[in-house]
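All remarks here apply to the structure that follows.
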Amino acid sequence: KTFTNEVLTVLDLQKLTEQTIIGLNKIIKLEAVSILLLDKEAKTYKITASLGIKDKNASFTEKDAIVSYLKQTHEPIVKTEAADRMQGHSDLREDFKKLSAQICLPIAHHDELIGVLSLGMKKSGDEFSQEDVDILTTLARTLGIAIANAQLFDQLSKTQAEAAQREKMAVIGTLAAGINHEICNPLGIVRGQCEMFLLNLRDGLYVSKSREDMCLIASEIMNKVIKETDRATSITKKLSGFAKPSKKADMEEVSIEKEADEVLGLIGHDLRLNNISFQKNIDSTFPKIAADKRQIQEVLFNIIRNAAQAIEKKEGVITLSGLANGSTATIKISDNGSGIPADKIGQIFNPFFTTKDPGKGTGLGLFIVRQVIERNKGTIAVESVEGQGTTFTLTFPVAKTHSKVLAA
């Protein structure tokens, strides 16, 4: 009972199967144990987790005897009884041999065989009793529910990740004007410097110049060209990094101030065009947080962008401030925008909910922001007054190295 209760709380499929294998082996003491799950695309049952199995790549199709029987009966099959219960299936013994099995149980969900639980000999040498079979059958049914839940959770996670990427790519489309400006400016300067040099050369303005003077002029122009091309390259790198899909959170030490600057490199021009100033009130002693750098960029980008879109005043202000409190760091992002109506503030983190005009928002931004923050072991809260503005409060764990410094 304790084992099945624990199994039902695990939503990571690989962890679930491995935990089941370890748990069964610990309780029953088995020579071999394995879980096979259905790969729907390949229409094959493959070993997902196992102990004591020589051929970990063993797989079975619906035509194989062991799968055929379990699909038809949804009942466990014991090796000692197999010959009598499966007459005409001469390859059944070979299937048991592949899995080093003494008993195979169906893992089913809604009458669909989604997997097979295979148990080898007990290390004690005892046979599986009917009571063992009854208990294991109940466990296999519970396991079927747990696996189905984990598969559904995995599917939803992938759907969320795809939705997040679509949202991000849509955002990048809206950045085109700003990025164009940020790149065209340095390129325009580069072109201007080169054109001026060539025109001066054509018009004979350098005729009286010595070799040393010409080298100095060329050197100054080249330094300006390098500076401006580096500036353009920096912008394209930021955009390229932001466009890449986020993977599982890779924890590292992250500077909020630095990542805010990275985000401003992408949307700063858009803020200036809309007469919105951005203020950072972060003390030099503000600690680094433990999080995934790219995902924190996404969070800051989404919240700052939303804040900018909520500002309709002639002079908008977005403020980012930081406050450290022991092992946690709090970041506040405030704006003096239109605010959120009291009857809607409880819904802003719901998927597909948006207060924007039709066609201007998918309603996935803040939903994804919360998912990403929680993935990085953080929290998010919001306060808003309609007509006055909104403040988002983010809390993250402080990076361990900073915590050690404080302790010292």
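A note on labels: chains of the structure tokens are A, B, ... as shown, every chain counts residues from 1, and ligands are counted from 1 in their shown order.
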Which of region 135-321 of chain A end up as strand (DSSP E or B) when DSSP is run on this backbone - answer as a PyMOL selection string? chain A and resi 252-254+276-281+289-291+316-321
Region 295-307 of chain A surroundings by only C-alpha atoms, 9 Å radius, close-in-sequence under 5 positions cut, as a PyMOL selection string: chain A and resi 168+242+246-247+249+254+256+259-260+262-264+266-267+271+318+333-337+365-366+368-370+372-373+376+389-390+392
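Take CA of Lys313 (chain A) and CA of Lys332 (chain A): the distance between them is 21.0 Å.
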Distance in Å - CA of Gln14 (chain A) versus CA of Leu70 (chain A): 23.0 Å
Gln72 (chain A) environment, 10 Å, only C-alpha atoms, sequence neighbours closer than 4 positions dropped, as a PyMOL selection string: chain A and resi 67-68+113
The selected residues should be written to file as a PDB file, in the first residue's frame (atoms: N, CA and C atoms).
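The resulting file, result-v7.pdb, is reproduced below:
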```pdb
ATOM      1  N   VAL A  67       2.785 -10.774 -25.512  1.00  0.00           N
ATOM      2  CA  VAL A  67       1.950  -9.583 -25.671  1.00  0.00           C
ATOM      3  C   VAL A  67       0.554  -9.984 -26.122  1.00  0.00           C
ATOM      4  N   SER A  68       0.502 -10.917 -27.036  1.00  0.00           N
ATOM      5  CA  SER A  68      -0.785 -11.389 -27.552  1.00  0.00           C
ATOM      6  C   SER A  68      -1.676 -11.905 -26.415  1.00  0.00           C
ATOM      7  N   LEU A 113      -3.450  -2.176 -23.334  1.00  0.00           N
ATOM      8  CA  LEU A 113      -2.202  -2.672 -22.769  1.00  0.00           C
ATOM      9  C   LEU A 113      -1.101  -1.650 -23.064  1.00  0.00           C
TER      10      LEU A 113
END
```
Mind checking DSSP for region 33-130 of chain A and telling me the alpha helix (DSSP H) residues as an NGL selection string? :A and (65-73 or 79-85 or 92-98 or 130)
Take the residues that were just selected and, keeping N, CA, C and O atoms, output them as a CSV table (one decimal), in the first residue's frame.
```
chain,number,residue,atom,x,y,z
A,65,ALA,N,4.0,-13.8,-28.6
A,65,ALA,CA,3.1,-14.6,-27.8
A,65,ALA,C,2.7,-13.9,-26.5
A,65,ALA,O,1.6,-13.9,-26.1
A,66,ILE,N,3.7,-13.4,-25.8
A,66,ILE,CA,3.5,-12.9,-24.4
A,66,ILE,C,2.6,-11.6,-24.5
A,66,ILE,O,1.7,-11.5,-23.7
A,67,VAL,N,2.8,-10.8,-25.5
A,67,VAL,CA,2.0,-9.6,-25.7
A,67,VAL,C,0.6,-10.0,-26.1
A,67,VAL,O,-0.5,-9.5,-25.6
A,68,SER,N,0.5,-10.9,-27.0
A,68,SER,CA,-0.8,-11.4,-27.6
A,68,SER,C,-1.7,-11.9,-26.4
A,68,SER,O,-2.9,-11.6,-26.3
A,69,TYR,N,-1.1,-12.7,-25.5
A,69,TYR,CA,-1.9,-13.2,-24.4
A,69,TYR,C,-2.3,-12.2,-23.5
A,69,TYR,O,-3.5,-12.1,-23.1
A,70,LEU,N,-1.4,-11.3,-23.1
A,70,LEU,CA,-1.8,-10.2,-22.1
A,70,LEU,C,-2.8,-9.3,-22.7
A,70,LEU,O,-3.7,-8.8,-22.0
A,71,LYS,N,-2.8,-9.0,-24.0
A,71,LYS,CA,-3.8,-8.1,-24.6
A,71,LYS,C,-5.1,-8.8,-24.6
A,71,LYS,O,-6.2,-8.1,-24.5
A,72,GLN,N,-5.2,-10.1,-24.9
A,72,GLN,CA,-6.4,-10.8,-24.9
A,72,GLN,C,-7.1,-11.0,-23.6
A,72,GLN,O,-8.3,-10.8,-23.4
A,73,THR,N,-6.3,-11.3,-22.6
A,73,THR,CA,-6.9,-11.7,-21.3
A,73,THR,C,-6.8,-10.6,-20.2
A,73,THR,O,-7.6,-10.6,-19.3
A,79,LYS,N,5.1,-18.5,-15.6
A,79,LYS,CA,5.9,-19.4,-16.5
A,79,LYS,C,5.5,-20.9,-16.3
A,79,LYS,O,5.4,-21.6,-17.2
A,80,THR,N,5.3,-21.3,-15.0
A,80,THR,CA,5.0,-22.7,-14.8
A,80,THR,C,3.7,-23.1,-15.3
A,80,THR,O,3.4,-24.3,-15.6
A,81,GLU,N,2.8,-22.1,-15.5
A,81,GLU,CA,1.5,-22.4,-16.1
A,81,GLU,C,1.3,-22.1,-17.5
A,81,GLU,O,0.3,-22.4,-18.2
A,82,ALA,N,2.4,-21.5,-18.1
A,82,ALA,CA,2.3,-21.0,-19.5
A,82,ALA,C,2.0,-22.1,-20.5
A,82,ALA,O,1.2,-21.9,-21.4
A,83,ALA,N,2.6,-23.2,-20.4
A,83,ALA,CA,2.4,-24.3,-21.4
A,83,ALA,C,1.0,-24.7,-21.5
A,83,ALA,O,0.5,-24.9,-22.6
A,84,ASP,N,0.3,-24.8,-20.3
A,84,ASP,CA,-1.1,-25.3,-20.3
A,84,ASP,C,-2.0,-24.2,-20.8
A,84,ASP,O,-3.0,-24.4,-21.5
A,85,ARG,N,-1.7,-22.9,-20.4
A,85,ARG,CA,-2.7,-21.8,-20.7
A,85,ARG,C,-2.5,-21.2,-22.1
A,85,ARG,O,-3.3,-20.5,-22.6
A,92,LEU,N,6.5,-18.9,-26.7
A,92,LEU,CA,6.2,-18.2,-25.4
A,92,LEU,C,7.4,-18.4,-24.4
A,92,LEU,O,7.8,-17.5,-23.7
A,93,ARG,N,7.9,-19.6,-24.4
A,93,ARG,CA,9.0,-19.9,-23.5
A,93,ARG,C,10.2,-19.0,-23.8
A,93,ARG,O,11.0,-18.6,-22.9
A,94,GLU,N,10.4,-18.8,-25.1
A,94,GLU,CA,11.5,-17.9,-25.6
A,94,GLU,C,11.3,-16.5,-25.1
A,94,GLU,O,12.3,-15.8,-24.7
A,95,ASP,N,10.0,-16.0,-25.1
A,95,ASP,CA,9.7,-14.7,-24.6
A,95,ASP,C,10.1,-14.5,-23.1
A,95,ASP,O,10.6,-13.5,-22.7
A,96,PHE,N,9.7,-15.5,-22.3
A,96,PHE,CA,10.0,-15.5,-20.9
A,96,PHE,C,11.5,-15.5,-20.7
A,96,PHE,O,12.1,-14.8,-19.8
A,97,LYS,N,12.3,-16.2,-21.6
A,97,LYS,CA,13.7,-16.4,-21.4
A,97,LYS,C,14.4,-15.0,-21.7
A,97,LYS,O,15.3,-14.6,-21.0
A,98,LYS,N,13.9,-14.3,-22.7
A,98,LYS,CA,14.4,-12.9,-23.0
A,98,LYS,C,14.4,-12.0,-21.8
A,98,LYS,O,15.2,-11.2,-21.6
A,130,GLN,N,-0.4,-17.7,-5.1
A,130,GLN,CA,-1.6,-17.0,-5.6
A,130,GLN,C,-1.7,-15.7,-4.9
A,130,GLN,O,-2.2,-14.7,-5.5
```
Excluding region 117-123 of chain A and any residue of its chain fewer than 4 positions from it, enumerate the residues within 7 Å of it, using only C-alpha atoms, and give them as a PyMOL selection string. chain A and resi 28-36+99-107
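Shortest separation to Thr44 (chain A) among A:Lys63, A:Lys288, A:Lys209, A:Lys258 occurs at residue A:Lys63, atoms counted being only C-alpha atoms.
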Residues within 12 Å of Asp283 (chain A), please, as a list in words. Count only C-alpha atoms; anything in the same chain fewer than 5 positions from it doesn't count.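 The filter keeps Ser255, Ile256, Glu257, Lys288, Leu320, Ser321, Gly322, Leu323, Ala324 and Ile331 of chain A.
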Based on the selection just made, write N, CA, C and O atoms of those residues as an mmCIF file, in the first residue's frame.
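What landed in out.cif:
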```cif
data_model
loop_
_atom_site.group_PDB
_atom_site.id
_atom_site.type_symbol
_atom_site.label_atom_id
_atom_site.label_comp_id
_atom_site.auth_asym_id
_atom_site.auth_seq_id
_atom_site.Cartn_x
_atom_site.Cartn_y
_atom_site.Cartn_z
ATOM 1 N N SER A 255 23.133 36.955 -12.690
ATOM 2 C CA SER A 255 23.048 38.351 -12.280
ATOM 3 C C SER A 255 21.803 38.970 -12.904
ATOM 4 O O SER A 255 21.709 39.071 -14.135
ATOM 5 N N ILE A 256 20.857 39.376 -12.065
ATOM 6 C CA ILE A 256 19.616 39.980 -12.563
ATOM 7 C C ILE A 256 19.905 41.265 -13.333
ATOM 8 O O ILE A 256 19.325 41.521 -14.394
ATOM 9 N N GLU A 257 20.827 42.064 -12.814
ATOM 10 C CA GLU A 257 21.153 43.335 -13.474
ATOM 11 C C GLU A 257 21.712 43.090 -14.874
ATOM 12 O O GLU A 257 21.318 43.759 -15.841
ATOM 13 N N LYS A 288 23.635 37.257 -6.633
ATOM 14 C CA LYS A 288 23.244 36.481 -7.818
ATOM 15 C C LYS A 288 22.265 35.407 -7.365
ATOM 16 O O LYS A 288 22.311 34.949 -6.230
ATOM 17 N N LEU A 320 12.835 48.370 -12.161
ATOM 18 C CA LEU A 320 13.273 47.049 -11.695
ATOM 19 C C LEU A 320 14.101 47.268 -10.433
ATOM 20 O O LEU A 320 15.088 48.001 -10.448
ATOM 21 N N SER A 321 13.687 46.649 -9.343
ATOM 22 C CA SER A 321 14.413 46.806 -8.078
ATOM 23 C C SER A 321 14.670 45.441 -7.450
ATOM 24 O O SER A 321 13.971 44.463 -7.752
ATOM 25 N N GLY A 322 15.675 45.376 -6.583
ATOM 26 C CA GLY A 322 16.034 44.111 -5.952
ATOM 27 C C GLY A 322 16.206 44.249 -4.460
ATOM 28 O O GLY A 322 16.674 45.276 -3.957
ATOM 29 N N LEU A 323 15.806 43.214 -3.745
ATOM 30 C CA LEU A 323 15.937 43.196 -2.289
ATOM 31 C C LEU A 323 16.340 41.798 -1.846
ATOM 32 O O LEU A 323 15.667 40.817 -2.169
ATOM 33 N N ALA A 324 17.460 41.685 -1.121
ATOM 34 C CA ALA A 324 17.924 40.385 -0.635
ATOM 35 C C ALA A 324 17.439 40.165 0.787
ATOM 36 O O ALA A 324 17.404 41.082 1.595
ATOM 37 N N ILE A 331 12.870 40.271 -6.624
ATOM 38 C CA ILE A 331 12.947 41.246 -7.716
ATOM 39 C C ILE A 331 11.543 41.791 -7.959
ATOM 40 O O ILE A 331 10.587 41.013 -8.096
#
```
Length of the CA of Arg231 (chain A) to CA of Glu195 (chain A) vector [Å]: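 About the pair CA of Arg231 (chain A) and CA of Glu195 (chain A): they are 19.7 Å apart.
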Quick one: of A:Ile27, A:Val382, A:Ile226, A:Leu201, who's nearest to Leu136 (chain A), counting only C-alpha atoms?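 Checking each candidate against Leu136 (chain A), we get A:Ile27 as the closest.
Nearest to Thr48 (chain A) of all the residues A:Thr159, A:Thr17, A:Asn325, A:Thr138 is A:Thr17, based on only C-alpha atoms.
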Non-local contacts of Leu37 (chain A) (6 Å; only C-alpha atoms; under 4 positions in same chain excluded) as a tab-separated table (two decimals) with N, CA, C and O atoms, in the first residue's frame:
```
chain	number	residue	atom	x	y	z
A	45	TYR	N	6.68	-2.90	-27.68
A	45	TYR	CA	6.87	-2.80	-26.23
A	45	TYR	C	8.35	-2.91	-25.93
A	45	TYR	O	8.98	-3.93	-26.23
A	46	LYS	N	8.93	-1.83	-25.36
A	46	LYS	CA	10.37	-1.77	-25.13
A	46	LYS	C	10.67	-1.66	-23.64
A	46	LYS	O	9.89	-1.08	-22.88
A	114	ILE	N	-0.71	-0.88	-22.04
A	114	ILE	CA	0.31	0.15	-22.24
A	114	ILE	C	1.69	-0.32	-21.81
A	114	ILE	O	2.69	0.36	-22.05
A	115	GLY	N	1.74	-1.50	-21.17
A	115	GLY	CA	3.04	-2.00	-20.75
A	115	GLY	C	2.97	-3.39	-20.15
A	115	GLY	O	1.89	-3.98	-20.03
```
